[in-house]
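Structure first, then comments.
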Amino acid sequence: MSAVATPAGRVEAPPGTLSQWALIRRRFARHRFAVASLYLLSVLYLFAVFAEFLAPYARDWRDLAHAYCPPQLPRFSFRHGFYVPAMQRYVDPLTFKKTYLEDPARIVGLGFFVQGEPYRFWGLFAWDRHFFGVRQPGARWPDGTLPTFYFLGADHYGQDVFSHIVHGSRISLSVGLVSIAVTFLLGVTIGGISGYAGGQVDNVIQRIIEIVSSFPQIPLWLACGAVLPADWSPLSAYFAVTLVLSLLTWTSLARVVRGKILALREEEYAVAARLLGASHTRILFRHLLPGFTSHIIVVLTMSVPAMILGETSLSFLGLGLRPPIVSWGVMLQECLSIQNVASYPWLLMPVVLIVLTVLCFNFLGDGLRDAADPYASR
C-alpha cells in the first residue's frame with residue numbers, strides 16, 4: 001500500500017502501517033467535543049496545580065465587612081487601568097439583608113502579578129505574588145474598610161468565592177484521580193485473577209463482587225462518611241473519603257477485565273506463552289492485559305465524574321470533607337438554605353464548575369470509547 005499525500009503536502013503512512021495507539025490518536029482527534037474537553041480539563045487541572053498563585057486571595061483570607069458582596073466585573077480605563085468601584089454596604093434594619101451599592105468616588109485598582117497575601121506554594125516555598133488582584137492590598141479607606149475585589153462575589157464570611165473555587169479545585173479534581181488509581185489497582189488485579197484462574201476462584205470472586213454491588217451506594221457513602229471522626233486532620237479525612245469512594249466502585253472495572261481475560265486467555269499467543277514456561281503473572285500482566293488497555297482507560301475516564309460527584313455529595317451533606325478544607329462540595333454547604341440561594345445566587349458558582357467538569361469527562365470518555373476501536377466503521 002502506497003503512502004497518502006495530505007492536502008497540506010505532507011506524506012503520511014497508510015492507515016494499515018500505523019500502530020494501535022497511532023490509530024487511536026488519529027480517531028480521537030476527529031472527535032471535536034472530546035478534544036475540546038481534554039483542553040478544558042487541562043486548564044482546570046492547571047488551575048488546581050497553581051491554585052495559590054492564580055487565586056486573588058489566600059485560602060483563609062476573609063473580610064467580614066464585605067459579607068455576601070455581589071460579583072464585580074473588572075473595568076478598564078486609560079486613567080485607572082483595570083479597576084472596580086468600591087462597594088458600600090447597607091443593612092436593612094427590618095430584614096437585616098445586606099445590600100451593596102457602588103461608590104464611584106473610591107476606585108479599587110487591579111493589576112497582574114500583584115503583591116498580596118503570603119502563601120506557601122505546595123508547602124515548598126513562601127511567596128506573596130498573585131496572578132491578578134488588588135494593586136494595594138494593605139491600604140485601607142478612611143472608614144477602615146479594605147479595598148477588595150470579588151470577581152464571583154463573597155460568602156457569609158466575606159471570603160472570595162472565586163479564590164475558594166480555585167483552591168477547591170485541587171481537592172475536588174484530585175479526589176477523582178486518586179480514587180481511580182485505587183479502583184484501577186483493585187479492579188484490574190481482582191478481575192484479572194478471576195478471569196484467568198476460572199473455576200472455584202472465579203465463582204468466589206464473582207459472588208463477592210455481587211455482594212459489594214448489591215449495597216446501595218448513596219446510603220453506604222453516608223454511613224461511611226458519618227463514622228469519620230470529627231477530630232481527624234484534613235489530610236486523613238481526604239484519604240478516608242477517597243478510600244470510601246474507591247472501595248465501592250471497583251466492581252464494574254473488575255467485571256470488564258474478567259470478561260476480556262476470559263475471551264483472550266485461550267488465544268494462540270497466550271497458549272504459546274504458557275507452553276514456553278511463562279509464569280501466570282507474566283502471562284496475565286504482560287500478554288493479556290495490554291491487549292485491552294484502551295478499554296480500561298475508557299472505563300476509568302467514565303468513572304471519574306462519579307467520584308467527583310460522590311465527594312461533592314458527601315461534603316455537601318457535611319459527612320465528607322469539612323472546613324477548613326476547601327472543596328466544591330464544602331462550598332455548597334451554604335446552599336442548604338433556600339433563602340441564601342435566592343438572595344445570593346452566586347453561591348451556586350461551584351455547581352457550574354462541577355457540571356462543566358462532569359460534562360468534560362463524559363465527552364472525553366465518549367471520544368476515547370470511539371477511538372478505542374479504530375477499525376470500526378465510521
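Quick note on naming: the chains in the C-alpha cells go A, B, ... in the order shown, residues restart at 1 in each chain, and ligands are numbered from 1 in order of appearance.
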Fill in: Residues near A:Leu317, cut-off 12 Å, only C-alpha atoms, skip fewer than 4 positions along chain, as JSON, numbers by chain
{"A": [218, 221, 222, 223, 225, 226, 310, 311, 312, 313, 321, 322, 329, 330, 331, 332, 333, 334, 335, 336]}
How would the residues just chosen look if you wrote them out with N, CA and C atoms as a PDB file, in the first residue's frame?
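Wrote it out as part.pdb, contents follow:
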```pdb
ATOM      1  N   ILE A 218     -25.409   5.331  47.750  1.00  0.00           N
ATOM      2  CA  ILE A 218     -25.596   6.597  48.463  1.00  0.00           C
ATOM      3  C   ILE A 218     -25.765   6.381  49.961  1.00  0.00           C
ATOM      4  N   TRP A 221     -22.380   5.409  51.296  1.00  0.00           N
ATOM      5  CA  TRP A 221     -21.496   6.574  51.361  1.00  0.00           C
ATOM      6  C   TRP A 221     -21.800   7.399  52.611  1.00  0.00           C
ATOM      7  N   LEU A 222     -23.087   7.622  52.848  1.00  0.00           N
ATOM      8  CA  LEU A 222     -23.481   8.428  54.010  1.00  0.00           C
ATOM      9  C   LEU A 222     -23.062   7.748  55.308  1.00  0.00           C
ATOM     10  N   ALA A 223     -23.239   6.415  55.368  1.00  0.00           N
ATOM     11  CA  ALA A 223     -22.860   5.688  56.580  1.00  0.00           C
ATOM     12  C   ALA A 223     -21.354   5.751  56.805  1.00  0.00           C
ATOM     13  N   GLY A 225     -19.292   8.022  55.609  1.00  0.00           N
ATOM     14  CA  GLY A 225     -18.909   9.394  55.928  1.00  0.00           C
ATOM     15  C   GLY A 225     -19.262   9.785  57.348  1.00  0.00           C
ATOM     16  N   ALA A 226     -20.356   9.207  57.876  1.00  0.00           N
ATOM     17  CA  ALA A 226     -20.787   9.561  59.226  1.00  0.00           C
ATOM     18  C   ALA A 226     -19.852   9.016  60.299  1.00  0.00           C
ATOM     19  N   GLY A 310     -19.517  11.967  43.985  1.00  0.00           N
ATOM     20  CA  GLY A 310     -19.603  11.329  45.297  1.00  0.00           C
ATOM     21  C   GLY A 310     -18.981  12.180  46.384  1.00  0.00           C
ATOM     22  N   GLU A 311     -17.787  12.716  46.129  1.00  0.00           N
ATOM     23  CA  GLU A 311     -17.151  13.603  47.119  1.00  0.00           C
ATOM     24  C   GLU A 311     -17.979  14.849  47.332  1.00  0.00           C
ATOM     25  N   THR A 312     -18.536  15.414  46.266  1.00  0.00           N
ATOM     26  CA  THR A 312     -19.363  16.618  46.396  1.00  0.00           C
ATOM     27  C   THR A 312     -20.595  16.344  47.237  1.00  0.00           C
ATOM     28  N   SER A 313     -21.237  15.208  47.017  1.00  0.00           N
ATOM     29  CA  SER A 313     -22.443  14.867  47.772  1.00  0.00           C
ATOM     30  C   SER A 313     -22.134  14.687  49.247  1.00  0.00           C
ATOM     31  N   LEU A 321     -15.697  15.744  53.536  1.00  0.00           N
ATOM     32  CA  LEU A 321     -14.709  16.744  53.928  1.00  0.00           C
ATOM     33  C   LEU A 321     -15.381  17.892  54.646  1.00  0.00           C
ATOM     34  N   ARG A 322     -14.670  18.463  55.597  1.00  0.00           N
ATOM     35  CA  ARG A 322     -15.227  19.535  56.413  1.00  0.00           C
ATOM     36  C   ARG A 322     -14.250  20.699  56.447  1.00  0.00           C
ATOM     37  N   GLY A 329     -17.667  20.772  47.124  1.00  0.00           N
ATOM     38  CA  GLY A 329     -18.753  20.265  47.943  1.00  0.00           C
ATOM     39  C   GLY A 329     -18.874  20.998  49.266  1.00  0.00           C
ATOM     40  N   VAL A 330     -17.744  21.305  49.897  1.00  0.00           N
ATOM     41  CA  VAL A 330     -17.769  22.070  51.148  1.00  0.00           C
ATOM     42  C   VAL A 330     -18.339  23.463  50.911  1.00  0.00           C
ATOM     43  N   MET A 331     -17.998  24.092  49.784  1.00  0.00           N
ATOM     44  CA  MET A 331     -18.527  25.421  49.482  1.00  0.00           C
ATOM     45  C   MET A 331     -20.038  25.407  49.323  1.00  0.00           C
ATOM     46  N   LEU A 332     -20.595  24.305  48.849  1.00  0.00           N
ATOM     47  CA  LEU A 332     -22.035  24.232  48.614  1.00  0.00           C
ATOM     48  C   LEU A 332     -22.834  24.024  49.893  1.00  0.00           C
ATOM     49  N   GLN A 333     -22.160  23.852  51.031  1.00  0.00           N
ATOM     50  CA  GLN A 333     -22.899  23.711  52.280  1.00  0.00           C
ATOM     51  C   GLN A 333     -23.721  24.955  52.588  1.00  0.00           C
ATOM     52  N   GLU A 334     -23.281  26.113  52.100  1.00  0.00           N
ATOM     53  CA  GLU A 334     -24.061  27.335  52.309  1.00  0.00           C
ATOM     54  C   GLU A 334     -25.357  27.320  51.528  1.00  0.00           C
ATOM     55  N   CYS A 335     -25.457  26.471  50.524  1.00  0.00           N
ATOM     56  CA  CYS A 335     -26.659  26.420  49.691  1.00  0.00           C
ATOM     57  C   CYS A 335     -27.726  25.507  50.278  1.00  0.00           C
ATOM     58  N   LEU A 336     -27.507  24.973  51.485  1.00  0.00           N
ATOM     59  CA  LEU A 336     -28.549  24.189  52.138  1.00  0.00           C
ATOM     60  C   LEU A 336     -29.772  25.036  52.451  1.00  0.00           C
TER      61      LEU A 336
END
```
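The residues of stretch 133-362 of chain A that DSSP assigns to strand (DSSP E or B) on this backbone come out as A:Gly133, A:Val134, A:Ala154, A:Asp160.
Contact shell of A:Leu245 at 10 Å (only C-alpha atoms; same-chain neighbours under 6 positions omitted): A:Val175, A:Gly176, A:Val178, A:Ser179, A:Ile180, A:Val182, A:Thr183, A:Gln217, A:Trp221, A:Cys224, A:Phe239, A:Ala306, A:Met307, A:Ile308, A:Gly310, A:Glu311.
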Write out the residues from the selection above, keeping N, CA and C atoms, as an mmCIF file, in the first residue's frame.
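The resulting file, part-v5.cif, is shown below:
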```cif
data_model
loop_
_atom_site.group_PDB
_atom_site.id
_atom_site.type_symbol
_atom_site.label_atom_id
_atom_site.label_comp_id
_atom_site.auth_asym_id
_atom_site.auth_seq_id
_atom_site.Cartn_x
_atom_site.Cartn_y
_atom_site.Cartn_z
ATOM 1 N N VAL A 175 -9.431 14.230 43.959
ATOM 2 C CA VAL A 175 -10.048 13.091 44.635
ATOM 3 C C VAL A 175 -10.513 12.060 43.616
ATOM 4 N N GLY A 176 -10.928 12.519 42.425
ATOM 5 C CA GLY A 176 -11.315 11.572 41.389
ATOM 6 C C GLY A 176 -10.139 10.775 40.868
ATOM 7 N N VAL A 178 -7.195 10.170 42.436
ATOM 8 C CA VAL A 178 -6.674 9.261 43.464
ATOM 9 C C VAL A 178 -7.594 8.056 43.631
ATOM 10 N N SER A 179 -8.912 8.300 43.612
ATOM 11 C CA SER A 179 -9.857 7.186 43.734
ATOM 12 C C SER A 179 -9.740 6.242 42.552
ATOM 13 N N ILE A 180 -9.553 6.811 41.363
ATOM 14 C CA ILE A 180 -9.425 5.968 40.174
ATOM 15 C C ILE A 180 -8.158 5.122 40.247
ATOM 16 N N VAL A 182 -6.819 3.813 42.956
ATOM 17 C CA VAL A 182 -7.135 2.667 43.813
ATOM 18 C C VAL A 182 -8.102 1.729 43.101
ATOM 19 N N THR A 183 -9.089 2.294 42.407
ATOM 20 C CA THR A 183 -10.042 1.469 41.666
ATOM 21 C C THR A 183 -9.335 0.651 40.588
ATOM 22 N N GLN A 217 -25.340 2.555 47.003
ATOM 23 C CA GLN A 217 -24.125 3.342 47.175
ATOM 24 C C GLN A 217 -24.345 4.586 48.020
ATOM 25 N N TRP A 221 -22.380 5.409 51.296
ATOM 26 C CA TRP A 221 -21.496 6.574 51.361
ATOM 27 C C TRP A 221 -21.800 7.399 52.611
ATOM 28 N N CYS A 224 -20.575 5.554 55.737
ATOM 29 C CA CYS A 224 -19.117 5.600 55.865
ATOM 30 C C CYS A 224 -18.647 7.009 56.210
ATOM 31 N N PHE A 239 -8.045 11.329 52.566
ATOM 32 C CA PHE A 239 -7.728 9.974 52.135
ATOM 33 C C PHE A 239 -8.824 8.990 52.551
ATOM 34 N N ALA A 306 -18.223 10.140 38.513
ATOM 35 C CA ALA A 306 -18.927 9.563 39.657
ATOM 36 C C ALA A 306 -18.153 9.800 40.950
ATOM 37 N N MET A 307 -16.828 9.734 40.890
ATOM 38 C CA MET A 307 -16.006 10.004 42.073
ATOM 39 C C MET A 307 -16.154 11.461 42.516
ATOM 40 N N ILE A 308 -16.103 12.383 41.557
ATOM 41 C CA ILE A 308 -16.223 13.801 41.885
ATOM 42 C C ILE A 308 -17.596 14.099 42.487
ATOM 43 N N GLY A 310 -19.517 11.967 43.985
ATOM 44 C CA GLY A 310 -19.603 11.329 45.297
ATOM 45 C C GLY A 310 -18.981 12.180 46.384
ATOM 46 N N GLU A 311 -17.787 12.716 46.129
ATOM 47 C CA GLU A 311 -17.151 13.603 47.119
ATOM 48 C C GLU A 311 -17.979 14.849 47.332
#
```
Discussion item. With distances taken over only C-alpha atoms, which residue among A:Ala126, A:Val188, A:Val351, A:Asp160 lies nearest A:Ala254?
Written reply: A:Val188
Item to complete: Take atom CA of A:Gly198 and atom CA of A:Ala278 and report the distance between them in Å, one decimal.
Response: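 Atom CA of A:Gly198 sits 18.3 Å away from atom CA of A:Ala278.
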Practice prompt. Could you tell me which of A:Val341, A:Arg265, A:Arg369, A:Arg255 comes closest to A:Ile297 if we count only C-alpha atoms?
Written response: A:Arg369
Worksheet, complete the sentence: The residue from A:His167, A:Arg274, A:Arg258, A:His156 with the smallest atom-to-atom distance to A:Trp346, counting only C-alpha atoms, is A:His156
Practice prompt. May I ask which of the residues A:Gly187, A:Pro147, A:Arg170, A:Gln72 is the closest one to A:Val49, counting only C-alpha atoms?
Written response: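 For A:Val49, the nearest of the given residues is A:Arg170.
In this structure, atom CA of A:Ala65 sits 22.6 Å away from atom CA of A:His130.
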Fill in: Residue nearest A:Val114 - candidates A:Ile296, A:Leu54, A:Leu353, A:Leu101, atoms counted: only C-alpha atoms
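Comparing A:Ile296, A:Leu54, A:Leu353, A:Leu101 against A:Val114, the winner is A:Leu54.
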Fill in: Nearest to A:His295, chosen from A:Val326, A:Ile208, A:Val256, A:Leu276, with only C-alpha atoms counted in the distances
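Closest candidate: A:Val256.
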Discussion item. I need the residues of stretch 183-292 of chain A that end up classed as helix (DSSP H, G or I) by DSSP on the backbone, written out as a VMD selection string.
Written reply: chain A and resid 183 to 197 199 to 214 217 to 226 234 to 247 250 to 264 268 to 275 280 to 292
How about saving the chosen residues, C-alpha atoms kept, as a PDB file, in the first residue's frame?
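Okay, selection13.pdb is ready:
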```
ATOM      1  CA  THR A 183     -10.042   1.469  41.666  1.00  0.00           C
ATOM      2  CA  PHE A 184      -7.636   0.569  38.860  1.00  0.00           C
ATOM      3  CA  LEU A 185      -5.413  -1.437  41.207  1.00  0.00           C
ATOM      4  CA  LEU A 186      -8.303  -3.386  42.715  1.00  0.00           C
ATOM      5  CA  GLY A 187     -10.345  -3.825  39.545  1.00  0.00           C
ATOM      6  CA  VAL A 188      -7.509  -4.941  37.288  1.00  0.00           C
ATOM      7  CA  THR A 189      -5.920  -7.267  39.858  1.00  0.00           C
ATOM      8  CA  ILE A 190      -9.088  -8.958  41.151  1.00  0.00           C
ATOM      9  CA  GLY A 191     -10.813  -9.027  37.753  1.00  0.00           C
ATOM     10  CA  GLY A 192      -7.672 -10.399  36.067  1.00  0.00           C
ATOM     11  CA  ILE A 193      -7.257 -13.164  38.623  1.00  0.00           C
ATOM     12  CA  SER A 194     -10.949 -14.049  38.353  1.00  0.00           C
ATOM     13  CA  GLY A 195     -10.893 -14.342  34.564  1.00  0.00           C
ATOM     14  CA  TYR A 196      -7.522 -16.078  34.295  1.00  0.00           C
ATOM     15  CA  ALA A 197      -7.921 -18.585  37.109  1.00  0.00           C
ATOM     16  CA  GLY A 199     -13.221 -22.395  38.290  1.00  0.00           C
ATOM     17  CA  GLN A 200     -13.904 -22.020  42.001  1.00  0.00           C
ATOM     18  CA  VAL A 201     -11.693 -18.950  42.281  1.00  0.00           C
ATOM     19  CA  ASP A 202     -13.798 -17.195  39.656  1.00  0.00           C
ATOM     20  CA  ASN A 203     -17.038 -18.239  41.380  1.00  0.00           C
ATOM     21  CA  VAL A 204     -15.908 -16.953  44.786  1.00  0.00           C
ATOM     22  CA  ILE A 205     -14.696 -13.634  43.386  1.00  0.00           C
ATOM     23  CA  GLN A 206     -17.889 -13.125  41.368  1.00  0.00           C
ATOM     24  CA  ARG A 207     -20.060 -13.779  44.418  1.00  0.00           C
ATOM     25  CA  ILE A 208     -18.028 -11.201  46.380  1.00  0.00           C
ATOM     26  CA  ILE A 209     -18.464  -8.705  43.545  1.00  0.00           C
ATOM     27  CA  GLU A 210     -22.213  -9.334  43.508  1.00  0.00           C
ATOM     28  CA  ILE A 211     -22.426  -8.754  47.267  1.00  0.00           C
ATOM     29  CA  VAL A 212     -20.476  -5.493  47.060  1.00  0.00           C
ATOM     30  CA  SER A 213     -22.544  -4.327  44.074  1.00  0.00           C
ATOM     31  CA  SER A 214     -25.822  -5.068  45.864  1.00  0.00           C
ATOM     32  CA  GLN A 217     -24.125   3.342  47.175  1.00  0.00           C
ATOM     33  CA  ILE A 218     -25.596   6.597  48.463  1.00  0.00           C
ATOM     34  CA  PRO A 219     -26.725   5.258  51.882  1.00  0.00           C
ATOM     35  CA  LEU A 220     -23.432   3.387  52.199  1.00  0.00           C
ATOM     36  CA  TRP A 221     -21.496   6.574  51.361  1.00  0.00           C
ATOM     37  CA  LEU A 222     -23.481   8.428  54.010  1.00  0.00           C
ATOM     38  CA  ALA A 223     -22.860   5.688  56.580  1.00  0.00           C
ATOM     39  CA  CYS A 224     -19.117   5.600  55.865  1.00  0.00           C
ATOM     40  CA  GLY A 225     -18.909   9.394  55.928  1.00  0.00           C
ATOM     41  CA  ALA A 226     -20.787   9.561  59.226  1.00  0.00           C
ATOM     42  CA  PRO A 234      -7.823  17.386  56.867  1.00  0.00           C
ATOM     43  CA  LEU A 235      -5.337  15.045  55.180  1.00  0.00           C
ATOM     44  CA  SER A 236      -6.717  11.992  56.986  1.00  0.00           C
ATOM     45  CA  ALA A 237     -10.291  12.938  56.090  1.00  0.00           C
ATOM     46  CA  TYR A 238      -9.288  13.423  52.459  1.00  0.00           C
ATOM     47  CA  PHE A 239      -7.728   9.974  52.135  1.00  0.00           C
ATOM     48  CA  ALA A 240     -10.612   8.381  54.054  1.00  0.00           C
ATOM     49  CA  VAL A 241     -13.192   9.801  51.641  1.00  0.00           C
ATOM     50  CA  THR A 242     -11.009   8.755  48.706  1.00  0.00           C
ATOM     51  CA  LEU A 243     -10.767   5.201  50.029  1.00  0.00           C
ATOM     52  CA  VAL A 244     -14.527   5.008  50.615  1.00  0.00           C
ATOM     53  CA  LEU A 245     -15.240   6.092  47.040  1.00  0.00           C
ATOM     54  CA  SER A 246     -12.717   3.595  45.668  1.00  0.00           C
ATOM     55  CA  LEU A 247     -13.949   0.573  47.613  1.00  0.00           C
ATOM     56  CA  TRP A 250     -14.022  -1.140  41.603  1.00  0.00           C
ATOM     57  CA  THR A 251     -16.539  -3.894  40.836  1.00  0.00           C
ATOM     58  CA  SER A 252     -17.577  -2.598  37.398  1.00  0.00           C
ATOM     59  CA  LEU A 253     -13.959  -2.457  36.218  1.00  0.00           C
ATOM     60  CA  ALA A 254     -13.320  -5.941  37.626  1.00  0.00           C
ATOM     61  CA  ARG A 255     -16.217  -7.336  35.590  1.00  0.00           C
ATOM     62  CA  VAL A 256     -14.916  -5.698  32.395  1.00  0.00           C
ATOM     63  CA  VAL A 257     -11.412  -7.071  32.958  1.00  0.00           C
ATOM     64  CA  ARG A 258     -12.749 -10.565  33.763  1.00  0.00           C
ATOM     65  CA  GLY A 259     -14.796 -10.687  30.570  1.00  0.00           C
ATOM     66  CA  LYS A 260     -11.852  -9.605  28.424  1.00  0.00           C
ATOM     67  CA  ILE A 261      -9.481 -12.095  30.085  1.00  0.00           C
ATOM     68  CA  LEU A 262     -11.955 -14.942  29.550  1.00  0.00           C
ATOM     69  CA  ALA A 263     -12.037 -14.085  25.840  1.00  0.00           C
ATOM     70  CA  LEU A 264      -8.250 -13.761  25.463  1.00  0.00           C
ATOM     71  CA  GLU A 268      -2.754 -18.648  20.460  1.00  0.00           C
ATOM     72  CA  TYR A 269      -0.229 -16.150  21.840  1.00  0.00           C
ATOM     73  CA  ALA A 270      -1.415 -16.782  25.413  1.00  0.00           C
ATOM     74  CA  VAL A 271      -1.251 -20.559  24.961  1.00  0.00           C
ATOM     75  CA  ALA A 272       2.208 -20.255  23.363  1.00  0.00           C
ATOM     76  CA  ALA A 273       3.477 -18.191  26.288  1.00  0.00           C
ATOM     77  CA  ARG A 274       2.121 -20.796  28.703  1.00  0.00           C
ATOM     78  CA  LEU A 275       3.805 -23.653  26.808  1.00  0.00           C
ATOM     79  CA  HIS A 280       0.949 -16.892  35.279  1.00  0.00           C
ATOM     80  CA  THR A 281       1.746 -13.362  36.458  1.00  0.00           C
ATOM     81  CA  ARG A 282       3.719 -12.623  33.295  1.00  0.00           C
ATOM     82  CA  ILE A 283       1.008 -14.048  31.037  1.00  0.00           C
ATOM     83  CA  LEU A 284      -1.692 -12.037  32.784  1.00  0.00           C
ATOM     84  CA  PHE A 285       0.044  -8.671  33.106  1.00  0.00           C
ATOM     85  CA  ARG A 286       2.461  -8.837  30.163  1.00  0.00           C
ATOM     86  CA  HIS A 287       0.434 -10.572  27.446  1.00  0.00           C
ATOM     87  CA  LEU A 288      -3.294 -10.355  28.256  1.00  0.00           C
ATOM     88  CA  LEU A 289      -3.938  -7.007  29.954  1.00  0.00           C
ATOM     89  CA  PRO A 290      -2.089  -4.846  27.365  1.00  0.00           C
ATOM     90  CA  GLY A 291      -4.462  -6.213  24.711  1.00  0.00           C
ATOM     91  CA  PHE A 292      -7.357  -4.119  26.005  1.00  0.00           C
TER      92      PHE A 292
END
```
